[in-house]
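Okay, so here's the structure we're looking at.
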Amino acid sequence: MCGIFGYVLGGPSSLRPSLDSAVRALGHRGPDGHGVFEDIRGEPACGLAHTRLAIIDLSPGGHQPMHSDDGRYTITFNGEIYNYEAVRRELQAAGQPARGDSDTAVILAAYTRWGSRALDHLRGMFALAIWDGLERTLFLARDRLGVKPLYLARVPTGLLFASEVRALLGTGQVERVIDRQALVDYLAFGSVREPRTLVKGISMLPAGTFAEYRDGELREHRYWAPPLRIDRTVSFRDAVEETRRLLLDSISLRLVSDVPVGIFLSGGMDSGATVALATQVARSPIHTFTVTFDEAAYDESSFAREIAGQFGAEHHVLPLAGKTVLGQLDGALAALDQPSADGTNTYFVAMAARQAGLAVALSGIGGDEILAGYPGFRRFPRWMTGAPALKALPALGARWPPGRFVLPARLRKVAGLLATQGDPFAMYSLIRGMFSRAERAALMGSDTGAIEPAPMDQDVANWLGASDGDAVGAYGTFELTNYMRNTLLRDADVLGMAHALEIREPFLDERLIERTMTLPGRMKLASGVNKPLLAQAVPELPQATSRRPKMGFTLPLETWLRGPLRGWAKDTLFGCHSSTCAPLDAVAVRDAWRGFERGRVSYSRIWTLIALERWCREHRMSS
């Protein structure tokens with residue numbers, strides 16, 4: 001796990017960004033070393049930078065940027081290739097041995113042998129760049145699910161790329177201007193949907209995509225997408241056995257490390273299943289980490305402690321009180337590379353894991369998305385059943401639902417549902433949404449401007465056309481390509497790396513995804529049992545774990561915003577008078593806060609505004 005940066009630029013050397021500055025900007029991602037490389041022998045010139053968090057091959061042999069044996073190719077790589085030993089053997093048999101013991105060396109040898117088809121052989125999370133000094137071209141690639149970020153900026157003389165937006169802003173070649181369409185997406189969902197970012201001129205290479213930069217042109221190619229079929233021939237028993245086998249294999253691969261590995265344990269099914277199966281294949285004691293709160297309604301520590309004790313894990317607890325968080329919250333928000341309505345909890349649990357001496361932790365991210373763990377998986381099929389009736393309704397007007405933060409949450413949802421006219425993406429947006437169309441218009445000070453979020457992801461459009469009416473599968477694809485990809489994974493990467501902690505997601509192994517996404521939705525839902533497929537696949541879990549109501553792993557922010565964080569929140573929302581404030585209407589923001597105080601606006605929507613405001617100040621953004 002590392003930080004990467006690079007450029008491919010024509011023109012005078014004075015336009016080339018400082019690689020040393022890029023290393024400093026990404027230093028938190030790689031405290032174990034750094035390296036730079038420049039090729040200025042011809043046009044265009046190329047520069048690569050790398051900051052290293054040593055996980056596999058701790059020796060100097062894993063140093064990057066790394067060169068091929070003949071010197072033609074140079075790679076800078078962020079991530080982990082879990083099956084690198086198997087690929088190494090495959091390369092050896094093909095007469096293309098990898099030099100060194102690192103997964104980076106295996107990627108380089110695989111690319112030398114197979115070109116872009118090397119990606120088909122790799123299982124893992126990655127964002128990488130390979131410079132071809134002979135052809136003077138750049139190859140970029142990102143993993144299938146989008147676990148690792150890769151940001152791009154087109155500039156007049158070429159292309160810049162980096163692991164984080166802040167490194168691109170630091171070059172001075174990208175203006176600190178907010179993308180208005182991305183701001184709409186942020187207010188609609190609490191995060192910006194790729195490939196956009198909140199910075200105009202910076203985009204993200206889409207998940208499952210590689211790109212080639214040649215002769216001043218960037219051409220993108222999709223190499224992976226979620227499966228587009230439902231297997232209605234599989235039995236539930238076979239599905240259970242396959243799920244267990246694939247999950248066990250995925251966990252086993254993600255325990256491969258030359259440093260100790262821990263597990264984030266919330267007390268829920270996904271992290272509990274990870275602990276249960278990890279203890280069967282781990283070669284060293286398993287460390288588990290959980291956060292405790294004074295507020296009992298948010299505290300799952302007793303469930304986490306039970307699971308850790310049952311499987312003999314070495315359990316670590318981090319108590320958090322509102323006053324403690326108040327002192328560290330600015331640091332957590334400053335660590336965000338893009339604003340997010342979620343993720344702050346990851347910052348604190350990652351901090352605890354790193355303080356305990358760990359550099360790698362496993363997370364349950366993805367379990368809810370592929371195995372139907374969220375309440376929306378039950379709601380969405382019911383709404384889809386009523387879609388024909390909603391389509392028959394006349395359009396209820398562009399301003400519906402009306403009002404500025406005055407409708408109670410349930411009534412707002414009902415009004416929003418009537419306005420969807422049965423459109424699946426509109427329904428999903430309502431379930432996952434933050435601010436309604438009318439509220440976005442008020443916040444952006446525009447009744448007539450562009451306030452609709454970008455269209456649904458093409459993967460979802462393809463799924464809806466091929467899923468044969470499986471609403472559970474359709475909702476799962478929405479979650480994979482929206483909330484998980486644009487919020488959970490992005491936050492896990494940047495907030496984990498704020499503490500130089502690598503977070504691995506066993507539920508996001510592509511083989512597990514490719515199987516579970518084809519299973520009929522009826523297998524993933526059962527009365528009184530959460531995620532029945534997982535409950536049967538990992539029967540070692542305490543039975544009560546699958547019968548408890550779904551409880552998100554979140555900080556008690558609502559309680560704190562009404563108590564110890566109230567003054568801080570109001571100062572954040574109303575105390576900025578400079579050009580770097582968030583470009584929101586001050587009256588609408590005050591209306592939203594009053595709605596929160598009266599119990600009509602959820603804390604998550606207020607937190608969305610707070611995170612945006614803090615991010616704009618941190619990065620000196622202008623509208």
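How things are named: the first chain in the structure tokens is A, the next is B, and so on; residues count from 1 in each chain; ligands count from 1 in the order shown.
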field: Contacts of A:Pro388 within 10 Å, only C-alpha atoms, excl. fewer than 4 positions in-chain, as a ChimeraX atom specification
entry: /A:383-384,392-393,421-423
query: Any idea what's packed within 8 Å of stretch 225-228 of chain A, counting only C-alpha atoms, ignoring anything in its chain fewer than 3 positions away? Could you give it as a PyMOL selection string?
result: chain A and resi 144+208+222+459+462-463+466-467+477+513-514+517-518
Output N, CA and C atoms for every residue in that selection, as a PDB file, in the first residue's frame.
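again-v5.pdb was written with the following content:
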```pdb
ATOM      1  N   ARG A 144     -10.836  -3.948 -10.138  1.00  0.00           N
ATOM      2  CA  ARG A 144     -12.183  -4.209 -10.644  1.00  0.00           C
ATOM      3  C   ARG A 144     -13.271  -3.496  -9.872  1.00  0.00           C
ATOM      4  N   GLY A 208     -12.369  -0.933 -12.649  1.00  0.00           N
ATOM      5  CA  GLY A 208     -12.358  -1.956 -13.689  1.00  0.00           C
ATOM      6  C   GLY A 208     -11.941  -1.440 -15.046  1.00  0.00           C
ATOM      7  N   ARG A 222     -12.648  -0.601 -20.722  1.00  0.00           N
ATOM      8  CA  ARG A 222     -13.230  -1.342 -19.601  1.00  0.00           C
ATOM      9  C   ARG A 222     -12.806  -2.810 -19.704  1.00  0.00           C
ATOM     10  N   ASP A 459     -23.252   0.283 -15.626  1.00  0.00           N
ATOM     11  CA  ASP A 459     -23.333  -1.085 -15.109  1.00  0.00           C
ATOM     12  C   ASP A 459     -24.741  -1.390 -14.612  1.00  0.00           C
ATOM     13  N   ASN A 462     -27.207  -1.679 -17.478  1.00  0.00           N
ATOM     14  CA  ASN A 462     -27.070  -2.994 -18.116  1.00  0.00           C
ATOM     15  C   ASN A 462     -27.727  -4.078 -17.270  1.00  0.00           C
ATOM     16  N   TRP A 463     -27.532  -4.000 -15.953  1.00  0.00           N
ATOM     17  CA  TRP A 463     -28.120  -5.005 -15.057  1.00  0.00           C
ATOM     18  C   TRP A 463     -29.646  -4.978 -15.125  1.00  0.00           C
ATOM     19  N   ALA A 466     -30.969  -6.871 -17.862  1.00  0.00           N
ATOM     20  CA  ALA A 466     -30.652  -8.296 -17.976  1.00  0.00           C
ATOM     21  C   ALA A 466     -31.015  -9.110 -16.747  1.00  0.00           C
ATOM     22  N   SER A 467     -31.560  -8.470 -15.713  1.00  0.00           N
ATOM     23  CA  SER A 467     -31.736  -9.162 -14.438  1.00  0.00           C
ATOM     24  C   SER A 467     -33.051  -9.911 -14.322  1.00  0.00           C
ATOM     25  N   THR A 477     -26.569  -4.056  -7.174  1.00  0.00           N
ATOM     26  CA  THR A 477     -25.701  -3.419  -8.164  1.00  0.00           C
ATOM     27  C   THR A 477     -25.677  -1.913  -7.965  1.00  0.00           C
ATOM     28  N   ILE A 513     -17.685 -11.936  -5.705  1.00  0.00           N
ATOM     29  CA  ILE A 513     -18.648 -11.018  -6.313  1.00  0.00           C
ATOM     30  C   ILE A 513     -19.326 -11.658  -7.511  1.00  0.00           C
ATOM     31  N   GLU A 514     -18.529 -12.240  -8.393  1.00  0.00           N
ATOM     32  CA  GLU A 514     -19.070 -12.810  -9.625  1.00  0.00           C
ATOM     33  C   GLU A 514     -20.046 -13.942  -9.347  1.00  0.00           C
ATOM     34  N   MET A 517     -23.386 -12.221  -6.978  1.00  0.00           N
ATOM     35  CA  MET A 517     -24.238 -11.320  -7.748  1.00  0.00           C
ATOM     36  C   MET A 517     -25.156 -12.064  -8.706  1.00  0.00           C
ATOM     37  N   THR A 518     -24.860 -13.338  -8.983  1.00  0.00           N
ATOM     38  CA  THR A 518     -25.734 -14.118  -9.869  1.00  0.00           C
ATOM     39  C   THR A 518     -26.763 -14.929  -9.094  1.00  0.00           C
TER      40      THR A 518
END
```
field: Option closest in space to A:Gly30, from A:Ser340, A:Phe161, A:Glu502, A:Glu212 [counting only C-alpha atoms]
entry: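 Using only C-alpha atoms, A:Gly30 sits closest to A:Glu502.
Going from atom CA of A:Trp560 over to atom CA of A:Ser302, you cover 21.7 Å.
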- request: Check stretch 275-505 of chain A with DSSP on the backbone and list each residue it calls strand (DSSP E), as a PyMOL selection string.
  value: chain A and resi 287-293+314-320+360-362+502-504
- request: Go through A:Leu488, A:Ala141, A:Leu91, A:Cys2 and flag the residue nearest A:Asp342, using only C-alpha atoms for the distances.
  value: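 Nearest candidate to A:Asp342 out of A:Leu488, A:Ala141, A:Leu91, A:Cys2: A:Leu488.
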Write out, as a tab-separated table, each residue of stretch 249-313 of chain A that has an atom at most 8 Å from stretch 349-360 of chain A, together with the closest pair of atoms and their distance in Å to one decimal, counting only C-alpha atoms, rows going by chain and rising number.
```
residue	atom	partner	partner_atom	distance
A:Val259	CA	A:Ala359	CA	6.9
A:Pro260	CA	A:Leu358	CA	5.9
A:Val261	CA	A:Val360	CA	4.9
A:Gly262	CA	A:Val360	CA	6.2
A:Phe264	CA	A:Val349	CA	7.6
A:Phe289	CA	A:Ala353	CA	6.7
A:Thr290	CA	A:Val349	CA	6.8
A:Val291	CA	A:Val349	CA	6.5
```
Dump N, CA and C atoms for the selected residues as a CSV table (one decimal), in the first residue's frame?
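The resulting part18.csv:
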```
chain,number,residue,atom,x,y,z
A,259,VAL,N,3.8,-8.4,7.6
A,259,VAL,CA,3.6,-7.7,8.8
A,259,VAL,C,2.4,-8.2,9.5
A,260,PRO,N,2.1,-7.9,10.8
A,260,PRO,CA,0.9,-8.4,11.5
A,260,PRO,C,-0.4,-7.9,10.8
A,261,VAL,N,-1.4,-8.7,10.9
A,261,VAL,CA,-2.7,-8.3,10.3
A,261,VAL,C,-3.8,-8.3,11.4
A,262,GLY,N,-4.7,-7.3,11.4
A,262,GLY,CA,-5.8,-7.2,12.3
A,262,GLY,C,-7.1,-7.2,11.6
A,264,PHE,N,-11.1,-5.3,11.8
A,264,PHE,CA,-12.0,-4.4,12.4
A,264,PHE,C,-13.3,-5.2,12.8
A,289,PHE,N,-10.2,-5.2,16.6
A,289,PHE,CA,-10.3,-3.8,17.1
A,289,PHE,C,-11.8,-3.4,17.0
A,290,THR,N,-12.2,-2.7,18.1
A,290,THR,CA,-13.5,-2.1,18.1
A,290,THR,C,-13.5,-0.8,18.9
A,291,VAL,N,-14.5,0.0,18.6
A,291,VAL,CA,-14.6,1.3,19.3
A,291,VAL,C,-15.8,1.3,20.2
```
message: Please list as a list in words every residue within 9 Å of A:Ala334, counting only C-alpha atoms and excluding residues in the same chain fewer than 4 positions away.
response: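 Final neighbour list, sorted by chain and number: Leu329, Asp330, Arg614, Trp615, Glu618 and His619 of chain A.
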- prompt: Given the choices A:Ala341, A:Ser623, A:Pro542, A:Phe425, which gets closest to A:Ser602 if the distance is worked out from only C-alpha atoms?
  reply: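 Once distances to A:Ser602 are computed over only C-alpha atoms, the minimum belongs to A:Ala341.
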